[in-house]
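File shown: start-v4.pdb (PDB, C-alpha atoms, pLDDT in the B column).
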```pdb
MODEL        1
ATOM      1  CA  MET A 161     253.252   7.550 194.223  1.00 89.00           C
ATOM      2  CA  ILE A 162     249.544   8.232 193.992  1.00 96.00           C
ATOM      3  CA  LEU A 163     248.508   4.664 194.804  1.00 96.00           C
ATOM      4  CA  ASP A 164     250.203   5.034 198.182  1.00 97.00           C
ATOM      5  CA  ASP A 165     247.654   7.722 199.068  1.00 98.00           C
ATOM      6  CA  PHE A 166     244.896   5.113 198.870  1.00 98.00           C
ATOM      7  CA  LYS A 167     246.566   2.789 201.378  1.00 98.00           C
ATOM      8  CA  LEU A 168     245.088   2.526 204.865  1.00 98.00           C
ATOM      9  CA  ASP A 169     247.944   0.653 206.528  1.00 98.00           C
ATOM     10  CA  GLY A 170     248.008   1.345 210.260  1.00 97.00           C
ATOM     11  CA  LYS A 171     244.574   2.987 210.257  1.00 98.00           C
ATOM     12  CA  VAL A 172     241.638   1.962 212.446  1.00 98.00           C
ATOM     13  CA  ALA A 173     238.071   2.205 211.158  1.00 99.00           C
ATOM     14  CA  ILE A 174     234.639   1.895 212.751  1.00 99.00           C
ATOM     15  CA  VAL A 175     231.871   0.694 210.439  1.00 99.00           C
ATOM     16  CA  THR A 176     228.292   0.601 211.707  1.00 98.00           C
ATOM     17  CA  GLY A 177     225.710  -1.780 210.289  1.00 98.00           C
ATOM     18  CA  ALA A 178     228.555  -4.091 209.268  1.00 98.00           C
ATOM     19  CA  ALA A 179     226.919  -7.502 209.691  1.00 98.00           C
ATOM     20  CA  ARG A 180     225.824  -7.752 206.061  1.00 97.00           C
ATOM     21  CA  GLY A 181     225.123  -5.881 202.848  1.00 97.00           C
ATOM     22  CA  LEU A 182     226.722  -2.512 202.196  1.00 98.00           C
ATOM     23  CA  GLY A 183     228.305  -2.227 205.640  1.00 98.00           C
ATOM     24  CA  GLN A 184     229.947  -5.630 205.401  1.00 98.00           C
ATOM     25  CA  ALA A 185     231.329  -4.888 201.930  1.00 98.00           C
ATOM     26  CA  MET A 186     232.719  -1.511 202.981  1.00 99.00           C
ATOM     27  CA  ALA A 187     234.294  -2.947 206.132  1.00 99.00           C
ATOM     28  CA  ILE A 188     236.012  -5.612 204.033  1.00 98.00           C
ATOM     29  CA  GLY A 189     237.080  -3.017 201.463  1.00 98.00           C
ATOM     30  CA  LEU A 190     238.743  -0.926 204.178  1.00 99.00           C
ATOM     31  CA  ALA A 191     240.516  -4.019 205.484  1.00 99.00           C
ATOM     32  CA  GLU A 192     241.664  -4.899 201.965  1.00 98.00           C
ATOM     33  CA  ALA A 193     243.230  -1.423 201.827  1.00 98.00           C
ATOM     34  CA  GLY A 194     245.091  -2.109 205.080  1.00 98.00           C
ATOM     35  CA  ALA A 195     242.831  -0.901 207.908  1.00 98.00           C
ATOM     36  CA  ASP A 196     241.944  -2.689 211.116  1.00 99.00           C
ATOM     37  CA  VAL A 197     238.188  -2.519 211.666  1.00 99.00           C
ATOM     38  CA  ALA A 198     235.665  -2.354 214.494  1.00 99.00           C
ATOM     39  CA  VAL A 199     232.414  -3.775 213.119  1.00 99.00           C
ATOM     40  CA  VAL A 200     229.253  -2.563 214.841  1.00 98.00           C
ATOM     41  CA  ASP A 201     225.769  -4.027 214.538  1.00 98.00           C
ATOM     42  CA  ILE A 202     222.824  -5.291 216.538  1.00 98.00           C
ATOM     43  CA  LEU A 203     223.106  -8.441 214.407  1.00 98.00           C
ATOM     44  CA  ASP A 204     225.837 -11.065 214.601  1.00 98.00           C
ATOM     45  CA  THR A 205     229.013  -9.764 212.926  1.00 98.00           C
ATOM     46  CA  LYS A 206     230.942 -13.056 213.145  1.00 98.00           C
ATOM     47  CA  ASP A 207     230.984 -13.577 209.366  1.00 98.00           C
ATOM     48  CA  THR A 208     232.309 -10.075 208.731  1.00 98.00           C
ATOM     49  CA  GLN A 209     234.954 -10.439 211.412  1.00 98.00           C
ATOM     50  CA  GLN A 210     236.156 -13.745 209.990  1.00 98.00           C
ATOM     51  CA  LEU A 211     236.414 -12.320 206.470  1.00 98.00           C
ATOM     52  CA  ILE A 212     238.450  -9.365 207.736  1.00 98.00           C
ATOM     53  CA  GLU A 213     240.754 -11.518 209.845  1.00 98.00           C
ATOM     54  CA  LYS A 214     241.411 -13.778 206.836  1.00 98.00           C
ATOM     55  CA  LEU A 215     242.941 -10.705 205.218  1.00 98.00           C
ATOM     56  CA  GLY A 216     245.428 -10.484 208.075  1.00 98.00           C
ATOM     57  CA  ARG A 217     243.773  -7.457 209.649  1.00 98.00           C
ATOM     58  CA  ARG A 218     242.608  -7.056 213.220  1.00 98.00           C
ATOM     59  CA  CYS A 219     238.873  -6.871 213.826  1.00 98.00           C
ATOM     60  CA  VAL A 220     236.727  -6.352 216.889  1.00 98.00           C
ATOM     61  CA  SER A 221     232.972  -6.997 216.915  1.00 98.00           C
ATOM     62  CA  ILE A 222     230.803  -4.623 218.912  1.00 98.00           C
ATOM     63  CA  LYS A 223     227.153  -5.491 219.472  1.00 98.00           C
ATOM     64  CA  ALA A 224     225.168  -2.273 219.736  1.00 98.00           C
ATOM     65  CA  ASP A 225     221.603  -1.079 219.330  1.00 98.00           C
ATOM     66  CA  LEU A 226     221.893   2.244 217.535  1.00 98.00           C
ATOM     67  CA  SER A 227     218.233   3.050 218.053  1.00 98.00           C
ATOM     68  CA  SER A 228     219.543   4.577 221.296  1.00 97.00           C
ATOM     69  CA  THR A 229     222.631   6.735 221.796  1.00 97.00           C
ATOM     70  CA  ASP A 230     223.431   4.886 225.023  1.00 97.00           C
ATOM     71  CA  CYS A 231     225.878   2.661 223.122  1.00 98.00           C
ATOM     72  CA  VAL A 232     227.938   5.475 221.586  1.00 98.00           C
ATOM     73  CA  ALA A 233     230.482   5.842 224.386  1.00 98.00           C
ATOM     74  CA  GLN A 234     231.048   2.092 224.529  1.00 98.00           C
ATOM     75  CA  ILE A 235     231.642   1.862 220.768  1.00 98.00           C
ATOM     76  CA  VAL A 236     234.311   4.538 220.973  1.00 98.00           C
ATOM     77  CA  LYS A 237     235.886   3.156 224.147  1.00 98.00           C
ATOM     78  CA  THR A 238     236.029  -0.448 222.924  1.00 98.00           C
ATOM     79  CA  THR A 239     237.525   0.507 219.561  1.00 98.00           C
ATOM     80  CA  ALA A 240     240.221   2.693 221.108  1.00 98.00           C
ATOM     81  CA  GLU A 241     241.117   0.097 223.731  1.00 98.00           C
ATOM     82  CA  GLU A 242     241.095  -2.953 221.443  1.00 98.00           C
ATOM     83  CA  LEU A 243     242.604  -1.421 218.298  1.00 98.00           C
ATOM     84  CA  GLY A 244     244.658   1.442 219.716  1.00 97.00           C
ATOM     85  CA  SER A 245     243.140   4.495 218.032  1.00 97.00           C
ATOM     86  CA  ILE A 246     240.363   5.680 215.721  1.00 98.00           C
ATOM     87  CA  ASP A 247     241.099   7.139 212.293  1.00 98.00           C
ATOM     88  CA  ILE A 248     237.962   6.464 210.220  1.00 99.00           C
ATOM     89  CA  LEU A 249     234.233   6.359 210.951  1.00 99.00           C
ATOM     90  CA  VAL A 250     231.744   4.994 208.428  1.00 99.00           C
ATOM     91  CA  ASN A 251     228.168   5.762 209.494  1.00 99.00           C
ATOM     92  CA  ASN A 252     226.371   3.081 207.523  1.00 98.00           C
ATOM     93  CA  ALA A 253     223.707   1.732 209.906  1.00 98.00           C
ATOM     94  CA  GLY A 254     220.217   2.521 208.727  1.00 97.00           C
ATOM     95  CA  ILE A 255     216.677   1.208 208.443  1.00 96.00           C
ATOM     96  CA  ILE A 256     213.691   1.941 206.218  1.00 95.00           C
ATOM     97  CA  ARG A 257     209.940   1.782 206.790  1.00 96.00           C
ATOM     98  CA  ARG A 258     207.488   1.769 203.890  1.00 94.00           C
ATOM     99  CA  ALA A 259     203.855   2.899 204.084  1.00 97.00           C
ATOM    100  CA  PRO A 260     201.601   5.442 202.370  1.00 97.00           C
ATOM    101  CA  LEU A 261     201.878   8.928 203.828  1.00 97.00           C
ATOM    102  CA  LEU A 262     198.340   8.900 205.253  1.00 98.00           C
ATOM    103  CA  GLU A 263     199.015   5.614 207.050  1.00 98.00           C
ATOM    104  CA  PHE A 264     202.526   6.374 208.312  1.00 98.00           C
ATOM    105  CA  THR A 265     202.887   6.033 212.080  1.00 98.00           C
ATOM    106  CA  GLU A 266     204.794   8.077 214.617  1.00 98.00           C
ATOM    107  CA  LYS A 267     206.755   4.955 215.572  1.00 98.00           C
ATOM    108  CA  ASP A 268     207.841   4.385 211.985  1.00 98.00           C
ATOM    109  CA  TRP A 269     209.003   7.988 211.891  1.00 98.00           C
ATOM    110  CA  ASP A 270     210.919   7.865 215.180  1.00 98.00           C
ATOM    111  CA  ASP A 271     212.497   4.437 214.630  1.00 98.00           C
ATOM    112  CA  VAL A 272     214.049   5.516 211.334  1.00 98.00           C
ATOM    113  CA  MET A 273     215.165   8.949 212.493  1.00 98.00           C
ATOM    114  CA  ASN A 274     216.769   7.555 215.652  1.00 98.00           C
ATOM    115  CA  ILE A 275     219.052   5.180 213.758  1.00 98.00           C
ATOM    116  CA  ASN A 276     219.570   7.002 210.467  1.00 98.00           C
ATOM    117  CA  LEU A 277     220.174  10.470 211.882  1.00 98.00           C
ATOM    118  CA  ARG A 278     220.355  10.720 215.671  1.00 98.00           C
ATOM    119  CA  ALA A 279     222.876   7.882 216.075  1.00 98.00           C
ATOM    120  CA  LEU A 280     224.913   9.175 213.126  1.00 98.00           C
ATOM    121  CA  PHE A 281     225.194  12.636 214.657  1.00 98.00           C
ATOM    122  CA  PHE A 282     226.113  11.588 218.177  1.00 98.00           C
ATOM    123  CA  LEU A 283     228.588   8.933 217.056  1.00 98.00           C
ATOM    124  CA  SER A 284     230.194  11.483 214.722  1.00 98.00           C
ATOM    125  CA  LYS A 285     230.378  13.939 217.611  1.00 98.00           C
ATOM    126  CA  ALA A 286     232.014  11.375 219.908  1.00 98.00           C
ATOM    127  CA  VAL A 287     234.514  10.247 217.273  1.00 98.00           C
ATOM    128  CA  GLY A 288     235.160  13.874 216.333  1.00 98.00           C
ATOM    129  CA  GLU A 289     236.170  14.519 219.931  1.00 98.00           C
ATOM    130  CA  VAL A 290     238.644  11.638 219.680  1.00 98.00           C
ATOM    131  CA  PHE A 291     240.045  13.006 216.423  1.00 98.00           C
ATOM    132  CA  VAL A 292     240.615  16.410 218.002  1.00 98.00           C
ATOM    133  CA  GLU A 293     242.226  14.871 221.071  1.00 97.00           C
ATOM    134  CA  GLN A 294     244.509  12.636 218.989  1.00 97.00           C
ATOM    135  CA  GLY A 295     245.563  15.658 216.945  1.00 97.00           C
ATOM    136  CA  LYS A 296     246.162  13.782 213.705  1.00 97.00           C
ATOM    137  CA  GLY A 297     242.932  14.401 211.813  1.00 98.00           C
ATOM    138  CA  GLY A 298     240.542  11.703 210.653  1.00 98.00           C
ATOM    139  CA  LYS A 299     237.861  10.710 208.186  1.00 99.00           C
ATOM    140  CA  ILE A 300     234.089  10.462 208.558  1.00 99.00           C
ATOM    141  CA  VAL A 301     232.075   8.872 205.750  1.00 99.00           C
ATOM    142  CA  ASN A 302     228.296   9.033 206.029  1.00 99.00           C
ATOM    143  CA  ILE A 303     225.955   6.886 203.967  1.00 98.00           C
ATOM    144  CA  ALA A 304     223.309   9.044 202.361  1.00 98.00           C
ATOM    145  CA  SER A 305     220.954   7.952 199.570  1.00 98.00           C
ATOM    146  CA  MET A 306     219.467   8.960 196.233  1.00 96.00           C
ATOM    147  CA  LEU A 307     216.624  10.157 198.443  1.00 97.00           C
ATOM    148  CA  SER A 308     219.010  12.791 199.748  1.00 98.00           C
ATOM    149  CA  PHE A 309     218.386  14.314 196.298  1.00 98.00           C
ATOM    150  CA  GLN A 310     214.857  13.087 195.509  1.00 97.00           C
ATOM    151  CA  GLY A 311     211.564  12.800 197.347  1.00 97.00           C
ATOM    152  CA  GLY A 312     210.630   9.211 196.669  1.00 94.00           C
ATOM    153  CA  ILE A 313     207.314   7.678 197.687  1.00 93.00           C
ATOM    154  CA  LEU A 314     206.109   5.633 200.665  1.00 94.00           C
ATOM    155  CA  VAL A 315     209.241   6.370 202.731  1.00 96.00           C
ATOM    156  CA  PRO A 316     208.770   9.758 204.439  1.00 98.00           C
ATOM    157  CA  SER A 317     211.047   9.165 207.432  1.00 98.00           C
ATOM    158  CA  TYR A 318     213.762   7.600 205.272  1.00 98.00           C
ATOM    159  CA  THR A 319     213.661  10.527 202.840  1.00 98.00           C
ATOM    160  CA  ALA A 320     213.755  13.043 205.690  1.00 98.00           C
ATOM    161  CA  SER A 321     216.645  11.274 207.400  1.00 98.00           C
ATOM    162  CA  LYS A 322     218.761  10.876 204.271  1.00 98.00           C
ATOM    163  CA  SER A 323     218.150  14.459 203.185  1.00 98.00           C
ATOM    164  CA  ALA A 324     219.335  15.494 206.638  1.00 98.00           C
ATOM    165  CA  VAL A 325     222.406  13.257 206.365  1.00 98.00           C
ATOM    166  CA  MET A 326     223.546  15.225 203.318  1.00 98.00           C
ATOM    167  CA  GLY A 327     223.052  18.532 205.130  1.00 98.00           C
ATOM    168  CA  LEU A 328     224.685  17.291 208.304  1.00 98.00           C
ATOM    169  CA  THR A 329     227.668  16.047 206.300  1.00 98.00           C
ATOM    170  CA  ARG A 330     228.237  19.631 205.185  1.00 98.00           C
ATOM    171  CA  LEU A 331     227.932  21.002 208.713  1.00 98.00           C
ATOM    172  CA  LEU A 332     230.295  18.407 210.174  1.00 98.00           C
ATOM    173  CA  ALA A 333     232.789  19.171 207.420  1.00 98.00           C
ATOM    174  CA  ASN A 334     232.616  22.898 208.123  1.00 98.00           C
ATOM    175  CA  GLU A 335     233.226  22.452 211.846  1.00 98.00           C
ATOM    176  CA  LEU A 336     235.799  19.657 211.763  1.00 98.00           C
ATOM    177  CA  ALA A 337     237.904  20.734 208.759  1.00 98.00           C
ATOM    178  CA  PRO A 338     240.044  23.077 210.919  1.00 98.00           C
ATOM    179  CA  HIS A 339     241.046  19.987 212.907  1.00 98.00           C
ATOM    180  CA  GLY A 340     242.222  18.101 209.817  1.00 98.00           C
ATOM    181  CA  VAL A 341     239.094  15.963 209.633  1.00 98.00           C
ATOM    182  CA  ASN A 342     237.429  15.228 206.284  1.00 98.00           C
ATOM    183  CA  VAL A 343     233.687  14.568 206.286  1.00 99.00           C
ATOM    184  CA  ASN A 344     231.971  13.355 203.122  1.00 99.00           C
ATOM    185  CA  ALA A 345     229.128  11.023 202.187  1.00 99.00           C
ATOM    186  CA  ILE A 346     228.219   8.297 199.729  1.00 99.00           C
ATOM    187  CA  ALA A 347     224.756   8.144 198.174  1.00 98.00           C
ATOM    188  CA  PRO A 348     224.203   4.578 196.942  1.00 98.00           C
ATOM    189  CA  GLY A 349     221.716   3.988 194.169  1.00 96.00           C
ATOM    190  CA  TYR A 350     219.424   0.997 193.933  1.00 95.00           C
ATOM    191  CA  MET A 351     221.506  -1.702 195.604  1.00 95.00           C
ATOM    192  CA  ALA A 352     220.806  -5.421 195.905  1.00 94.00           C
ATOM    193  CA  THR A 353     220.424  -5.596 199.704  1.00 91.00           C
ATOM    194  CA  ASP A 354     217.839  -6.755 202.227  1.00 86.00           C
ATOM    195  CA  ASN A 355     216.311  -3.262 202.235  1.00 80.00           C
ATOM    196  CA  THR A 356     215.406  -3.558 198.545  1.00 87.00           C
ATOM    197  CA  THR A 357     214.147  -7.149 198.556  1.00 88.00           C
ATOM    198  CA  PRO A 358     210.485  -6.053 198.238  1.00 86.00           C
ATOM    199  CA  LEU A 359     211.317  -3.880 195.222  1.00 86.00           C
ATOM    200  CA  ARG A 360     213.304  -6.586 193.454  1.00 93.00           C
ATOM    201  CA  ALA A 361     210.529  -9.104 194.104  1.00 91.00           C
ATOM    202  CA  ASP A 362     207.976  -6.825 192.423  1.00 90.00           C
ATOM    203  CA  VAL A 363     208.340  -7.760 188.733  1.00 92.00           C
ATOM    204  CA  GLU A 364     206.918  -4.511 187.336  1.00 93.00           C
ATOM    205  CA  ARG A 365     208.769  -2.224 189.759  1.00 90.00           C
ATOM    206  CA  ASN A 366     212.011  -4.120 189.279  1.00 94.00           C
ATOM    207  CA  LYS A 367     211.760  -3.762 185.504  1.00 94.00           C
ATOM    208  CA  ALA A 368     210.952  -0.060 185.755  1.00 91.00           C
ATOM    209  CA  ILE A 369     213.956   0.553 188.001  1.00 94.00           C
ATOM    210  CA  ILE A 370     216.459  -1.331 185.842  1.00 95.00           C
ATOM    211  CA  THR A 371     215.124   0.336 182.698  1.00 95.00           C
ATOM    212  CA  ARG A 372     215.942   3.761 184.143  1.00 95.00           C
ATOM    213  CA  ILE A 373     219.456   2.868 185.352  1.00 97.00           C
ATOM    214  CA  PRO A 374     221.935   3.581 182.539  1.00 97.00           C
ATOM    215  CA  ALA A 375     224.235   0.822 183.846  1.00 98.00           C
ATOM    216  CA  GLY A 376     221.339  -1.597 183.347  1.00 96.00           C
ATOM    217  CA  ARG A 377     221.629  -3.405 186.656  1.00 96.00           C
ATOM    218  CA  TRP A 378     221.170  -3.144 190.409  1.00 97.00           C
ATOM    219  CA  GLY A 379     224.258  -2.111 192.326  1.00 97.00           C
ATOM    220  CA  GLU A 380     226.112  -4.676 194.396  1.00 97.00           C
ATOM    221  CA  PRO A 381     227.621  -4.024 197.845  1.00 98.00           C
ATOM    222  CA  ASP A 382     231.127  -4.439 196.405  1.00 98.00           C
ATOM    223  CA  ASP A 383     230.450  -1.422 194.166  1.00 98.00           C
ATOM    224  CA  LEU A 384     230.990   0.787 197.235  1.00 98.00           C
ATOM    225  CA  LYS A 385     234.425  -0.558 198.147  1.00 98.00           C
ATOM    226  CA  GLY A 386     236.373   1.793 195.900  1.00 98.00           C
ATOM    227  CA  VAL A 387     234.623   4.993 196.912  1.00 98.00           C
ATOM    228  CA  VAL A 388     234.719   4.284 200.649  1.00 99.00           C
ATOM    229  CA  VAL A 389     238.453   3.556 200.480  1.00 99.00           C
ATOM    230  CA  PHE A 390     238.944   6.783 198.520  1.00 98.00           C
ATOM    231  CA  LEU A 391     237.016   8.884 201.040  1.00 99.00           C
ATOM    232  CA  ALA A 392     238.760   7.174 203.982  1.00 99.00           C
ATOM    233  CA  SER A 393     242.234   7.731 202.538  1.00 98.00           C
ATOM    234  CA  GLU A 394     244.637  10.598 201.956  1.00 98.00           C
ATOM    235  CA  ALA A 395     243.664  10.528 198.280  1.00 98.00           C
ATOM    236  CA  SER A 396     240.595  12.606 199.221  1.00 98.00           C
ATOM    237  CA  ALA A 397     242.449  15.053 201.488  1.00 98.00           C
ATOM    238  CA  TYR A 398     240.919  18.139 199.837  1.00 98.00           C
ATOM    239  CA  MET A 399     237.335  16.863 199.680  1.00 98.00           C
ATOM    240  CA  GLN A 400     234.958  18.282 202.258  1.00 98.00           C
ATOM    241  CA  GLY A 401     231.196  18.126 202.711  1.00 98.00           C
ATOM    242  CA  TYR A 402     230.465  16.399 199.408  1.00 98.00           C
ATOM    243  CA  THR A 403     227.997  13.590 198.743  1.00 98.00           C
ATOM    244  CA  VAL A 404     229.142  11.197 196.016  1.00 98.00           C
ATOM    245  CA  ALA A 405     226.397   9.299 194.159  1.00 98.00           C
ATOM    246  CA  VAL A 406     227.227   5.686 193.280  1.00 98.00           C
ATOM    247  CA  ASP A 407     224.056   4.895 191.394  1.00 98.00           C
ATOM    248  CA  GLY A 408     224.807   3.446 187.964  1.00 98.00           C
ATOM    249  CA  GLY A 409     223.757   6.786 186.465  1.00 98.00           C
ATOM    250  CA  TRP A 410     220.258   6.999 188.000  1.00 97.00           C
ATOM    251  CA  LEU A 411     220.561  10.674 188.909  1.00 96.00           C
ATOM    252  CA  ALA A 412     221.977  11.510 185.484  1.00 95.00           C
ATOM    253  CA  ARG A 413     218.712  10.536 183.768  1.00 91.00           C
TER
ENDMDL
END
```
What does the file become when written as structure tokens?
Amino acid sequence: MILDDFKLDGKVAIVTGAARGLGQAMAIGLAEAGADVAVVDILDTKDTQQLIEKLGRRCVSIKADLSSTDCVAQIVKTTAEELGSIDILVNNAGIIRRAPLLEFTEKDWDDVMNINLRALFFLSKAVGEVFVEQGKGGKIVNIASMLSFQGGILVPSYTASKSAVMGLTRLLANELAPHGVNVNAIAPGYMATDNTTPLRADVERNKAIITRIPAGRWGEPDDLKGVVVFLASEASAYMQGYTVAVDGGWLAR
């Protein structure tokens, strides 16, 4: 039955940036589909862990600063030891810095690129090594952005990093597909999260954004549950290197 292909019973997922917002919702969505989850964040993940455990799933919290790759080995080691294996990686952790181009600092560039791109690559590499060693395939889901497709304004490092995430998703798919690993990405639209608080607080900008979205509203974190479960499950077994926009129709305008 097709619905069985969406089940994640017996699977183990790692979700970065899982303390709140999109990462928390996706971690819970994976647990609702049957997965045990390692939740990774520099922030306190207690709330996420409790919500997952209420579903009857196992959850381990891993405190990690993804601005450095020093934590990568520990994330992989702790997940494998505490939950028994690794089957799914969701690279969600990310930050954004806003400033006009002519005022943008080197620190704002490096801080964003280190978390949004460098950590994503090296964690994917480490988990990819586990997938190959386990010999049973796996799933990597990267979180891209509408700015993987568009230029945007005031966010040069974010745009550069998310454009690179889409390209890197393709490369990872090309190299890992022979090992039975699927690598795809999700590009969320304008979502109601902490990152977009300044935009939603700006009355004129908020109105302009909603007016352009065919769905007529900001996205909610729960809007990503379905697509992340799909990409983490056997239902997407023949998808490779693709970035799925979940944007209420923004890119269709």
Inset, instruction - Pick out the residues sitting within 9 Å of Arg377 in chain A, and hand them over as a list of chain:residue names; count all atoms listed in the file, and ignore anything fewer than 6 positions along from it in its own chain. - result: A:Tyr350, A:Ile369, A:Ile370, A:Thr371, A:Gly408
Inset, instruction - Identify, on the basis of all atoms listed in the file, every residue whose closest approach to range 202-207 of chain A does not exceed 12 Å; exclude the query and any residue fewer than 2 positions from it along the same chain; express the result as JSON, numbers by chain. - result: {"A": [175, 176, 177, 178, 179, 180, 181, 183, 184, 185, 187, 188, 197, 198, 199, 200, 209, 210, 211, 212, 213, 214, 219, 220, 221, 222, 223, 224, 225, 226, 227, 228, 231, 253, 254, 275]}
Legend entry - Distance in Å - CA of Asn302 in chain A versus CA of Thr265 in chain A: 26.3 Å
Inset, instruction - Find the distance between CA of Val172 in chain A and CA of Asp230 in chain A and write it in Å to one decimal. - result: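 Between CA of Val172 in chain A and CA of Asp230 in chain A the gap works out to 22.3 Å.
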Legend entry - Selection result of the PyMOL selection byres ((chain A and resi 384) around 9) on this file, as a PyMOL selection string: chain A and resi 182+185-186+189+346+348+379-383+385-389+406
Inset, instruction - List, as a ChimeraX atom specification, every residue that the PyMOL selection byres ((chain A and resi 287-293) around 10) selects in the file provided. - result: /A:174,232-233,235-237,240,245-249,281-286,294-300,332,335-336,338-341
